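J.: I'm passing along entry-v5.json; it holds JSON, C-alpha atoms.
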```
[["chain", "number", "residue", "atom", "x", "y", "z"],
["A", 57, "GLY", "CA", 0.00, 0.00, 0.00],
["A", 58, "LEU", "CA", 2.87, 2.40, 0.73],
["A", 59, "GLU", "CA", 4.02, 1.91, -2.87],
["A", 60, "PHE", "CA", 0.61, 2.88, -4.25],
["A", 61, "SER", "CA", -1.43, 6.09, -4.32],
["A", 62, "PHE", "CA", -4.93, 7.35, -5.14],
["A", 63, "LYS", "CA", -3.64, 9.22, -8.18],
["A", 64, "LYS", "CA", -2.15, 6.05, -9.66],
["A", 65, "LEU", "CA", -5.37, 4.15, -8.95],
["A", 66, "PHE", "CA", -7.46, 6.77, -10.81],
["A", 67, "GLN", "CA", -5.02, 6.67, -13.75],
["A", 68, "VAL", "CA", -5.49, 2.92, -14.24],
["A", 69, "GLY", "CA", -9.02, 2.60, -12.81],
["A", 70, "ALA", "CA", -11.00, 1.70, -15.96],
["A", 71, "SER", "CA", -8.29, -0.61, -17.33],
["A", 72, "ALA", "CA", -7.90, -2.35, -13.95],
["A", 73, "VAL", "CA", -11.65, -2.98, -13.55],
["A", 74, "LEU", "CA", -12.09, -4.35, -17.08],
["A", 75, "THR", "CA", -8.99, -6.55, -16.79],
["A", 76, "ALA", "CA", -10.03, -7.92, -13.40],
["A", 77, "LEU", "CA", -13.51, -8.73, -14.76],
["A", 78, "VAL", "CA", -12.05, -10.64, -17.72],
["A", 79, "VAL", "CA", -9.49, -12.49, -15.55],
["A", 80, "VAL", "CA", -11.91, -13.47, -12.75],
["A", 81, "SER", "CA", -14.71, -14.64, -15.06],
["A", 82, "GLY", "CA", -12.30, -16.39, -17.46],
["A", 83, "MET", "CA", -10.35, -18.18, -14.72],
["A", 84, "MET", "CA", -13.57, -19.19, -12.91],
["A", 85, "LEU", "CA", -14.71, -20.98, -16.09],
["A", 86, "ALA", "CA", -11.24, -22.45, -16.79],
["A", 87, "GLY", "CA", -10.92, -23.72, -13.20],
["A", 88, "TYR", "CA", -14.40, -25.21, -13.24],
["A", 89, "GLY", "CA", -13.66, -26.91, -16.58],
["A", 90, "ALA", "CA", -10.36, -28.31, -15.26],
["A", 91, "GLY", "CA", -12.15, -29.64, -12.17],
["A", 92, "ARG", "CA", -14.79, -31.44, -14.21],
["A", 93, "LEU", "CA", -12.10, -32.83, -16.55],
["A", 94, "LEU", "CA", -10.37, -34.31, -13.48],
["A", 95, "HIS", "CA", -13.72, -35.79, -12.33],
["A", 96, "PHE", "CA", -13.98, -33.47, -9.30],
["A", 97, "THR", "CA", -17.45, -32.98, -7.84],
["A", 98, "TYR", "CA", -19.63, -30.06, -8.91],
["A", 99, "LEU", "CA", -18.84, -28.05, -5.73],
["A", 100, "ASP", "CA", -15.11, -28.94, -5.79],
["A", 101, "SER", "CA", -14.96, -27.61, -9.36],
["A", 102, "ILE", "CA", -16.77, -24.35, -8.46],
["A", 103, "PHE", "CA", -14.41, -23.77, -5.53],
["A", 104, "LEU", "CA", -11.39, -24.63, -7.70],
["A", 105, "GLY", "CA", -12.49, -21.99, -10.23],
["A", 106, "ALA", "CA", -12.74, -19.41, -7.43],
["A", 107, "MET", "CA", -9.29, -20.37, -6.09],
["A", 108, "LEU", "CA", -7.66, -19.93, -9.50],
["A", 109, "SER", "CA", -9.28, -16.56, -10.28],
["A", 110, "MET", "CA", -7.05, -14.35, -8.09],
["A", 111, "SER", "CA", -3.33, -13.60, -8.43],
["A", 112, "SER", "CA", -1.15, -13.09, -5.34],
["A", 113, "THR", "CA", -0.54, -9.50, -4.21],
["A", 114, "THR", "CA", 2.21, -10.57, -1.77],
["A", 115, "ILE", "CA", 4.16, -12.58, -4.33],
["A", 116, "ILE", "CA", 3.90, -10.01, -7.14],
["A", 117, "ILE", "CA", 5.00, -7.08, -4.95],
["A", 118, "LYS", "CA", 7.95, -9.16, -3.68],
["A", 119, "ALA", "CA", 8.96, -10.06, -7.26],
["A", 120, "PHE", "CA", 8.66, -6.45, -8.48],
["A", 121, "THR", "CA", 10.77, -5.23, -5.53],
["A", 122, "ASP", "CA", 13.49, -7.85, -6.06],
["A", 123, "LEU", "CA", 13.64, -7.12, -9.82],
["A", 124, "ASN", "CA", 13.58, -3.30, -9.31],
["A", 125, "LEU", "CA", 10.45, -2.89, -11.45],
["A", 126, "ARG", "CA", 8.24, -0.86, -9.09],
["A", 127, "LYS", "CA", 8.69, 2.36, -11.10],
["A", 128, "LYS", "CA", 7.70, 0.81, -14.44],
["A", 129, "ALA", "CA", 4.41, 1.90, -16.08],
["A", 130, "PHE", "CA", 2.87, -1.57, -16.19],
["A", 131, "THR", "CA", 3.37, -2.21, -12.44],
["A", 132, "ASN", "CA", 0.80, 0.48, -11.55],
["A", 133, "LEU", "CA", -1.73, -1.28, -13.77],
["A", 134, "VAL", "CA", -0.91, -4.66, -12.18],
["A", 135, "PHE", "CA", -1.39, -3.19, -8.68],
["A", 136, "GLY", "CA", -4.71, -1.71, -9.81],
["A", 137, "VAL", "CA", -5.88, -5.12, -11.10],
["A", 138, "LEU", "CA", -4.86, -6.74, -7.79],
["A", 139, "ILE", "CA", -6.89, -4.19, -5.78],
["A", 140, "VAL", "CA", -10.00, -4.75, -7.92],
["A", 141, "GLU", "CA", -9.54, -8.52, -7.60],
["A", 142, "ASP", "CA", -9.45, -8.15, -3.80],
["A", 143, "LEU", "CA", -12.74, -6.24, -3.97],
["A", 144, "PHE", "CA", -14.29, -8.93, -6.19],
["A", 145, "ALA", "CA", -13.08, -11.51, -3.65],
["A", 146, "VAL", "CA", -15.45, -10.08, -1.04],
["A", 147, "VAL", "CA", -18.45, -10.53, -3.34],
["A", 148, "MET", "CA", -17.27, -14.02, -4.36],
["A", 149, "MET", "CA", -17.01, -15.18, -0.70],
["A", 150, "VAL", "CA", -20.64, -14.10, -0.11],
["A", 151, "VAL", "CA", -21.87, -15.86, -3.26],
["A", 152, "LEU", "CA", -20.03, -19.12, -2.48],
["A", 153, "SER", "CA", -21.26, -19.14, 1.14],
["A", 154, "SER", "CA", -24.86, -18.52, 0.02],
["A", 155, "ILE", "CA", -24.77, -21.28, -2.59],
["A", 156, "VAL", "CA", -23.32, -23.80, -0.12],
["A", 157, "VAL", "CA", -25.20, -22.98, 3.09],
["A", 158, "LYS", "CA", -28.63, -22.19, 1.63],
["A", 159, "ASN", "CA", -28.40, -24.00, -1.71],
["A", 160, "SER", "CA", -29.56, -20.77, -3.29],
["A", 161, "PHE", "CA", -28.26, -17.38, -4.34],
["A", 162, "GLU", "CA", -29.09, -14.65, -1.82],
["A", 163, "GLY", "CA", -29.37, -11.38, -3.75],
["A", 164, "ALA", "CA", -30.11, -9.28, -0.64],
["A", 165, "GLU", "CA", -26.97, -10.55, 1.09],
["A", 166, "LEU", "CA", -24.88, -9.74, -1.99],
["A", 167, "LEU", "CA", -26.28, -6.18, -2.17],
["A", 168, "GLU", "CA", -25.55, -5.69, 1.53],
["A", 169, "SER", "CA", -21.96, -6.82, 0.97],
["A", 170, "ILE", "CA", -21.51, -4.44, -1.99],
["A", 171, "ALA", "CA", -23.00, -1.56, 0.06],
["A", 172, "LYS", "CA", -20.51, -2.26, 2.88],
["A", 173, "LEU", "CA", -17.69, -2.32, 0.35],
["A", 174, "VAL", "CA", -18.70, 1.06, -1.12],
["A", 175, "PHE", "CA", -18.99, 2.56, 2.38],
["A", 176, "PHE", "CA", -15.55, 1.18, 3.28],
["A", 177, "LEU", "CA", -13.99, 2.71, 0.15],
["A", 178, "ILE", "CA", -15.65, 6.09, 0.79],
["A", 179, "ILE", "CA", -14.19, 6.11, 4.32],
["A", 180, "TRP", "CA", -10.83, 5.15, 2.79],
["A", 181, "PHE", "CA", -11.03, 8.05, 0.33],
["A", 182, "VAL", "CA", -12.14, 10.68, 2.89],
["A", 183, "VAL", "CA", -9.56, 9.69, 5.51],
["A", 184, "GLY", "CA", -6.83, 9.28, 2.89],
["A", 185, "ILE", "CA", -7.30, 12.66, 1.24],
["A", 186, "SER", "CA", -8.03, 14.90, 4.21],
["A", 187, "ILE", "CA", -7.84, 13.73, 7.82],
["A", 188, "LEU", "CA", -4.75, 11.54, 8.34],
["A", 189, "PRO", "CA", -2.23, 13.62, 6.29],
["A", 190, "LEU", "CA", -3.35, 16.71, 8.25],
["A", 191, "ILE", "CA", -2.89, 14.97, 11.62],
["A", 192, "LEU", "CA", 0.59, 13.72, 10.72],
["A", 193, "LYS", "CA", 1.56, 17.18, 9.48],
["A", 194, "LYS", "CA", 0.43, 18.82, 12.73],
["A", 195, "THR", "CA", 2.21, 16.26, 14.96],
["A", 196, "ARG", "CA", 5.38, 15.93, 12.86],
["A", 197, "LYS", "CA", 7.65, 17.59, 15.46],
["A", 198, "PHE", "CA", 6.63, 15.01, 18.10],
["A", 199, "LEU", "CA", 7.30, 11.96, 15.89],
["A", 200, "ASN", "CA", 10.77, 10.47, 16.14],
["A", 201, "ASP", "CA", 11.56, 7.24, 14.26],
["A", 202, "GLU", "CA", 10.40, 4.92, 17.06],
["A", 203, "THR", "CA", 7.10, 6.76, 17.57],
["A", 204, "LEU", "CA", 6.43, 6.97, 13.83],
["A", 205, "LEU", "CA", 7.01, 3.21, 13.44],
["A", 206, "VAL", "CA", 4.65, 2.37, 16.32],
["A", 207, "VAL", "CA", 1.98, 4.81, 15.06],
["A", 208, "SER", "CA", 2.21, 3.43, 11.50],
["A", 209, "MET", "CA", 1.93, -0.19, 12.67],
["A", 210, "GLY", "CA", -0.95, 0.76, 15.00],
["A", 211, "LEU", "CA", -2.84, 2.46, 12.16],
["A", 212, "CYS", "CA", -2.20, -0.53, 9.88],
["A", 213, "LEU", "CA", -3.47, -3.08, 12.42],
["A", 214, "GLY", "CA", -6.42, -0.82, 13.29],
["A", 215, "MET", "CA", -7.52, -0.78, 9.66],
["A", 216, "VAL", "CA", -7.03, -4.56, 9.49],
["A", 217, "VAL", "CA", -9.43, -4.96, 12.44],
["A", 218, "LEU", "CA", -11.94, -2.59, 10.81],
["A", 219, "ALA", "CA", -11.74, -4.41, 7.45],
["A", 220, "THR", "CA", -12.08, -7.85, 9.08],
["A", 221, "TYR", "CA", -15.04, -6.66, 11.17],
["A", 222, "ALA", "CA", -16.70, -5.36, 7.98],
["A", 223, "GLY", "CA", -16.23, -8.79, 6.36],
["A", 224, "PHE", "CA", -13.24, -7.99, 4.11],
["A", 225, "SER", "CA", -9.80, -9.61, 4.02],
["A", 226, "SER", "CA", -7.09, -8.45, 6.44],
["A", 227, "ALA", "CA", -4.79, -7.95, 3.42],
["A", 228, "LEU", "CA", -7.22, -5.40, 1.93],
["A", 229, "GLY", "CA", -7.33, -3.49, 5.25],
["A", 230, "ALA", "CA", -3.53, -3.36, 5.46],
["A", 231, "PHE", "CA", -3.29, -2.25, 1.84],
["A", 232, "VAL", "CA", -5.85, 0.53, 2.37],
["A", 233, "MET", "CA", -3.96, 2.00, 5.34],
["A", 234, "GLY", "CA", -0.66, 1.74, 3.46],
["A", 235, "SER", "CA", -2.11, 3.68, 0.53],
["A", 236, "ILE", "CA", -3.49, 6.33, 2.93],
["A", 237, "LEU", "CA", -0.06, 6.75, 4.54],
["A", 238, "ALA", "CA", 1.46, 6.98, 1.03],
["A", 239, "GLU", "CA", -0.39, 10.30, 0.61],
["A", 240, "THR", "CA", 1.28, 11.86, 3.68],
["A", 241, "ILE", "CA", 4.50, 13.85, 3.96],
["A", 242, "GLU", "CA", 6.04, 11.04, 6.04],
["A", 243, "ALA", "CA", 5.46, 8.38, 3.35],
["A", 244, "GLU", "CA", 9.12, 7.89, 2.40],
["A", 245, "ASN", "CA", 10.26, 7.78, 6.03],
["A", 246, "ILE", "CA", 7.51, 5.29, 6.98],
["A", 247, "GLU", "CA", 8.43, 3.04, 4.05],
["A", 248, "HIS", "CA", 12.07, 3.02, 5.23],
["A", 249, "LEU", "CA", 11.09, 2.25, 8.86],
["A", 250, "ILE", "CA", 8.61, -0.51, 7.90],
["A", 251, "LYS", "CA", 11.06, -2.37, 5.62],
["A", 252, "PRO", "CA", 12.59, -4.67, 8.31],
["A", 253, "VAL", "CA", 9.08, -5.58, 9.55],
["A", 254, "LYS", "CA", 7.93, -6.24, 5.96],
["A", 255, "ASP", "CA", 10.97, -8.45, 5.27],
["A", 256, "LEU", "CA", 10.37, -10.45, 8.49],
["A", 257, "PHE", "CA", 6.71, -11.20, 7.75],
["A", 258, "GLY", "CA", 7.43, -11.74, 4.05],
["A", 259, "ALA", "CA", 9.86, -14.52, 5.02],
["A", 260, "ILE", "CA", 7.32, -16.01, 7.47],
["A", 261, "PHE", "CA", 4.65, -16.00, 4.72],
["A", 262, "PHE", "CA", 6.80, -17.96, 2.27],
["A", 263, "VAL", "CA", 8.06, -20.42, 4.92],
["A", 264, "SER", "CA", 4.48, -21.08, 6.12],
["A", 265, "VAL", "CA", 3.33, -21.79, 2.55],
["A", 266, "GLY", "CA", 6.19, -24.26, 2.08],
["A", 267, "MET", "CA", 5.29, -26.04, 5.33],
["A", 268, "MET", "CA", 1.75, -26.70, 4.04],
["A", 269, "ILE", "CA", 3.06, -29.05, 1.33],
["A", 270, "ASP", "CA", 2.86, -32.80, 2.00],
["A", 271, "PRO", "CA", 5.46, -34.54, -0.25],
["A", 272, "ALA", "CA", 3.31, -37.71, -0.34],
["A", 273, "MET", "CA", 0.48, -35.66, -1.89],
["A", 274, "LEU", "CA", 2.79, -34.51, -4.69],
["A", 275, "VAL", "CA", 3.32, -38.11, -5.78],
["A", 276, "GLU", "CA", -0.30, -39.16, -5.42],
["A", 277, "TYR", "CA", -1.85, -36.16, -7.21],
["A", 278, "TRP", "CA", 0.95, -35.27, -9.66],
["A", 279, "PHE", "CA", -1.35, -35.13, -12.71],
["A", 280, "PRO", "CA", -4.03, -32.78, -11.24],
["A", 281, "ILE", "CA", -1.20, -30.55, -9.90],
["A", 282, "LEU", "CA", 0.47, -30.44, -13.33],
["A", 283, "LEU", "CA", -2.79, -29.76, -15.20],
["A", 284, "ILE", "CA", -3.98, -27.04, -12.79],
["A", 285, "THR", "CA", -0.52, -25.37, -12.88],
["A", 286, "VAL", "CA", -0.72, -25.16, -16.70],
["A", 287, "VAL", "CA", -4.31, -23.83, -16.49],
["A", 288, "VAL", "CA", -3.25, -21.12, -14.00],
["A", 289, "MET", "CA", -0.20, -19.90, -15.93],
["A", 290, "ALA", "CA", -1.70, -20.07, -19.44],
["A", 291, "GLY", "CA", -5.11, -18.79, -18.30],
["A", 292, "GLN", "CA", -3.85, -15.83, -16.25],
["A", 293, "ILE", "CA", -1.51, -14.70, -19.05],
["A", 294, "THR", "CA", -4.21, -15.05, -21.72],
["A", 295, "PHE", "CA", -7.11, -13.43, -19.83],
["A", 296, "ALA", "CA", -5.04, -10.65, -18.22],
["A", 297, "ALA", "CA", -3.35, -9.69, -21.49],
["A", 298, "SER", "CA", -6.71, -9.82, -23.33],
["A", 299, "GLY", "CA", -8.42, -7.63, -20.70],
["A", 300, "ILE", "CA", -5.64, -5.04, -20.84],
["A", 301, "LEU", "CA", -5.69, -4.98, -24.65],
["A", 302, "LEU", "CA", -9.49, -4.53, -24.59],
["A", 303, "SER", "CA", -9.05, -1.55, -22.25],
["A", 304, "GLY", "CA", -6.93, 0.21, -24.88],
["A", 305, "GLN", "CA", -3.42, -0.39, -23.51],
["A", 306, "SER", "CA", -0.46, -1.35, -25.72],
["A", 307, "LEU", "CA", 0.51, -4.94, -26.53],
["A", 308, "ARG", "CA", 3.78, -4.51, -24.58],
["A", 309, "ILE", "CA", 1.98, -3.47, -21.37],
["A", 310, "ALA", "CA", -0.57, -6.26, -21.87],
["A", 311, "ILE", "CA", 2.14, -8.94, -22.13],
["A", 312, "GLN", "CA", 4.15, -7.48, -19.22],
["A", 313, "SER", "CA", 1.07, -7.43, -17.00],
["A", 314, "GLY", "CA", -0.17, -10.87, -18.09],
["A", 315, "PHE", "CA", 3.15, -12.59, -17.38],
["A", 316, "SER", "CA", 3.36, -10.85, -13.98],
["A", 317, "LEU", "CA", -0.08, -12.16, -12.91],
["A", 318, "ALA", "CA", 0.61, -15.82, -13.81],
["A", 319, "GLN", "CA", 0.27, -17.31, -10.31],
["A", 320, "ILE", "CA", -2.14, -17.87, -7.42],
["A", 321, "GLY", "CA", -1.52, -17.15, -3.75],
["A", 322, "GLU", "CA", -3.07, -16.26, -0.43],
["A", 323, "PHE", "CA", -6.65, -15.83, -1.71],
["A", 324, "ALA", "CA", -6.65, -19.43, -2.98],
["A", 325, "PHE", "CA", -5.86, -20.59, 0.57],
["A", 326, "ILE", "CA", -8.74, -18.52, 1.99],
["A", 327, "ILE", "CA", -11.24, -20.03, -0.49],
["A", 328, "ALA", "CA", -9.87, -23.54, 0.15],
["A", 329, "SER", "CA", -10.23, -22.99, 3.92],
["A", 330, "LEU", "CA", -13.81, -21.77, 3.42],
["A", 331, "GLY", "CA", -14.67, -24.95, 1.50],
["A", 332, "MET", "CA", -13.14, -27.14, 4.22],
["A", 333, "THR", "CA", -14.87, -25.18, 7.03],
["A", 334, "LEU", "CA", -18.25, -25.60, 5.33],
["A", 335, "HIS", "CA", -17.45, -29.31, 4.70],
["A", 336, "VAL", "CA", -18.26, -29.08, 0.99],
["A", 337, "THR", "CA", -14.84, -29.70, -0.60],
["A", 338, "ASP", "CA", -12.67, -32.82, -0.45],
["A", 339, "LYS", "CA", -9.56, -32.74, 1.75],
["A", 340, "PHE", "CA", -7.17, -33.35, -1.17],
["A", 341, "LEU", "CA", -8.10, -30.01, -2.80],
["A", 342, "TYR", "CA", -6.25, -27.85, -0.23],
["A", 343, "PRO", "CA", -2.77, -29.43, -0.58],
["A", 344, "ILE", "CA", -3.17, -29.54, -4.38],
["A", 345, "VAL", "CA", -3.90, -25.79, -4.51],
["A", 346, "VAL", "CA", -1.05, -24.97, -2.10],
["A", 347, "THR", "CA", 1.37, -26.98, -4.26],
["A", 348, "VAL", "CA", 0.17, -25.22, -7.43],
["A", 349, "SER", "CA", 0.67, -21.90, -5.64],
["A", 350, "VAL", "CA", 4.26, -22.80, -4.69],
["A", 351, "ILE", "CA", 5.09, -23.95, -8.24],
["A", 352, "THR", "CA", 3.61, -20.83, -9.88],
["A", 353, "THR", "CA", 5.29, -18.62, -7.25],
["A", 354, "PHE", "CA", 8.66, -20.21, -8.08],
["A", 355, "PHE", "CA", 8.15, -19.39, -11.78],
["A", 356, "THR", "CA", 6.88, -15.80, -11.21],
["A", 357, "PRO", "CA", 10.27, -13.95, -11.40],
["A", 358, "TYR", "CA", 11.29, -16.05, -14.43],
["A", 359, "MET", "CA", 7.98, -15.28, -16.16],
["A", 360, "ILE", "CA", 8.50, -11.55, -15.56],
["A", 361, "ARG", "CA", 12.04, -11.78, -17.00],
["A", 362, "LEU", "CA", 10.66, -13.61, -20.08],
["A", 363, "VAL", "CA", 8.54, -10.58, -21.04],
["A", 364, "ASN", "CA", 11.10, -8.77, -23.21],
["A", 365, "PRO", "CA", 12.16, -11.70, -25.43]]
```
Would you mind giving the structure from this file in structure tokens?
T.:
Amino acid sequence: GLEFSFKKLFQVGASAVLTALVVVSGMMLAGYGAGRLLHFTYLDSIFLGAMLSMSSTTIIIKAFTDLNLRKKAFTNLVFGVLIVEDLFAVVMMVVLSSIVVKNSFEGAELLESIAKLVFFLIIWFVVGISILPLILKKTRKFLNDETLLVVSMGLCLGMVVLATYAGFSSALGAFVMGSILAETIEAENIEHLIKPVKDLFGAIFFVSVGMMIDPAMLVEYWFPILLITVVVMAGQITFAASGILLSGQSLRIAIQSGFSLAQIGEFAFIIASLGMTLHVTDKFLYPIVVTVSVITTFFTPYMIRLVNP
């Protein structure tokens, strides 16, 4: 969030929304088709489609940082697509829960979720543009490095609590507060102070994902893992590049963005956990999806490097 801003979001808004729509709908269908091809149940296939429809914000930001690509034009568009995908994720969670729990689609519940999302974004916009930058400007002389770090982390975790309470992902809450702080005069200083904390939790994230892999599962389900990996990488590249081209961007930006989005990550785990909690998906689906995530994560920096040739 600290590496993003409202201005950048407005610049890529229409392209990001159209691309996210194409990617999410396309990958939902591709995932469902792959599930049925592998003789998964109807609900397993629906959940698989949902798991494959979102790229990983954490992994992409890490790759862009390591490859020194954050200042490139296409990265702003990729970040915009990731934000819109996070917003779609909220709606998708409501739809999946309604279908499973009530065996029907609850339109009223979906409208309530969208209303909460709009309200949340309005609060984000108002606080981000006016209130918080003013407060930090007024209190600047009292904020040494230690205090600024504690205040920044407190604000981040506070927004995480608010987002979770409103029914959104904790990642979206953290991102929102980061983007609000990016509009303040202390943005550069905060980014510098937060870096060691970011690196620590980034390492924990990747280690925890690796620990979720059961080597025995890799042998038993090697074919579904291979097929789903191909579907993710080919599908994300194709749908993302197509969406960006449809929005009027150049072929170069479309290919750069498509290759960057060719993986799945944390959202797939959330959907898989939802399916297991509701007792509607088979137990083998979770380790398969985690393994696919690890494989596609491994290839992400290489895919980004392949863009130019």
J.: Figure out the distance between CA of Phe315 in chain A and CA of Pro365 in chain A, please, to one decimal in Å.
T.: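 Result for CA of Pro365 in chain A versus CA of Phe315 in chain A: 12.1 Å, one decimal.
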J.: Quick one: of A:Leu190, A:Leu99, A:Met110, A:Ile170, who's nearest to Gly321 in chain A, counting all atoms listed in the file?
T.: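 Selected residue with least distance to Gly321 in chain A: A:Met110.
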J.: Would you work out the distance separating CA of His248 in chain A from CA of Phe261 in chain A, expressed in Å to one decimal?
T.: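 If I compute the distance from CA of His248 in chain A to CA of Phe261 in chain A, I get 20.4 Å.
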J.: Need the shell around range 129-138 of chain A: protein/DNA/RNA residues with any atom at most 10 Å away, counting all atoms listed in the file. Skip same-chain ones fewer than 5 positions apart. Format as JSON, numbers by chain?
T.: {"A": [57, 59, 60, 61, 64, 65, 66, 67, 68, 69, 70, 71, 72, 73, 74, 75, 76, 77, 79, 110, 111, 112, 113, 116, 117, 120, 143, 144, 296, 300, 305, 308, 309, 310, 311, 312, 313, 314, 316, 317]}
J.: Taking 6 positions as the minimum chain separation for residues in the same chain, which residues sit within 6 Å of range 341-357 of chain A when counting all atoms listed in the file? Answer as a list in words.
T.: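 Close residues of range 341-357 of chain A: Ala119, Ile281, Thr285, Gln319, Ile320, Gly321 and Ala328 of chain A.
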J.: How many Å separate CA of Leu94 in chain A from CA of Pro280 in chain A?
T.: 6.9 Å
J.: Which is closest to Leu228 in chain A among A:Leu173, A:Ala243, A:Ala86, A:Leu152, if we use only C-alpha atoms?
T.: A:Leu173
J.: List as a VMD selection string: which residues have an atom within 10 Å of (-11.9, -18.9, -14.5), counting all atoms listed in the file?
T.: chain A and resid 78 to 90 102 104 to 110 287 to 288 291 to 292 295
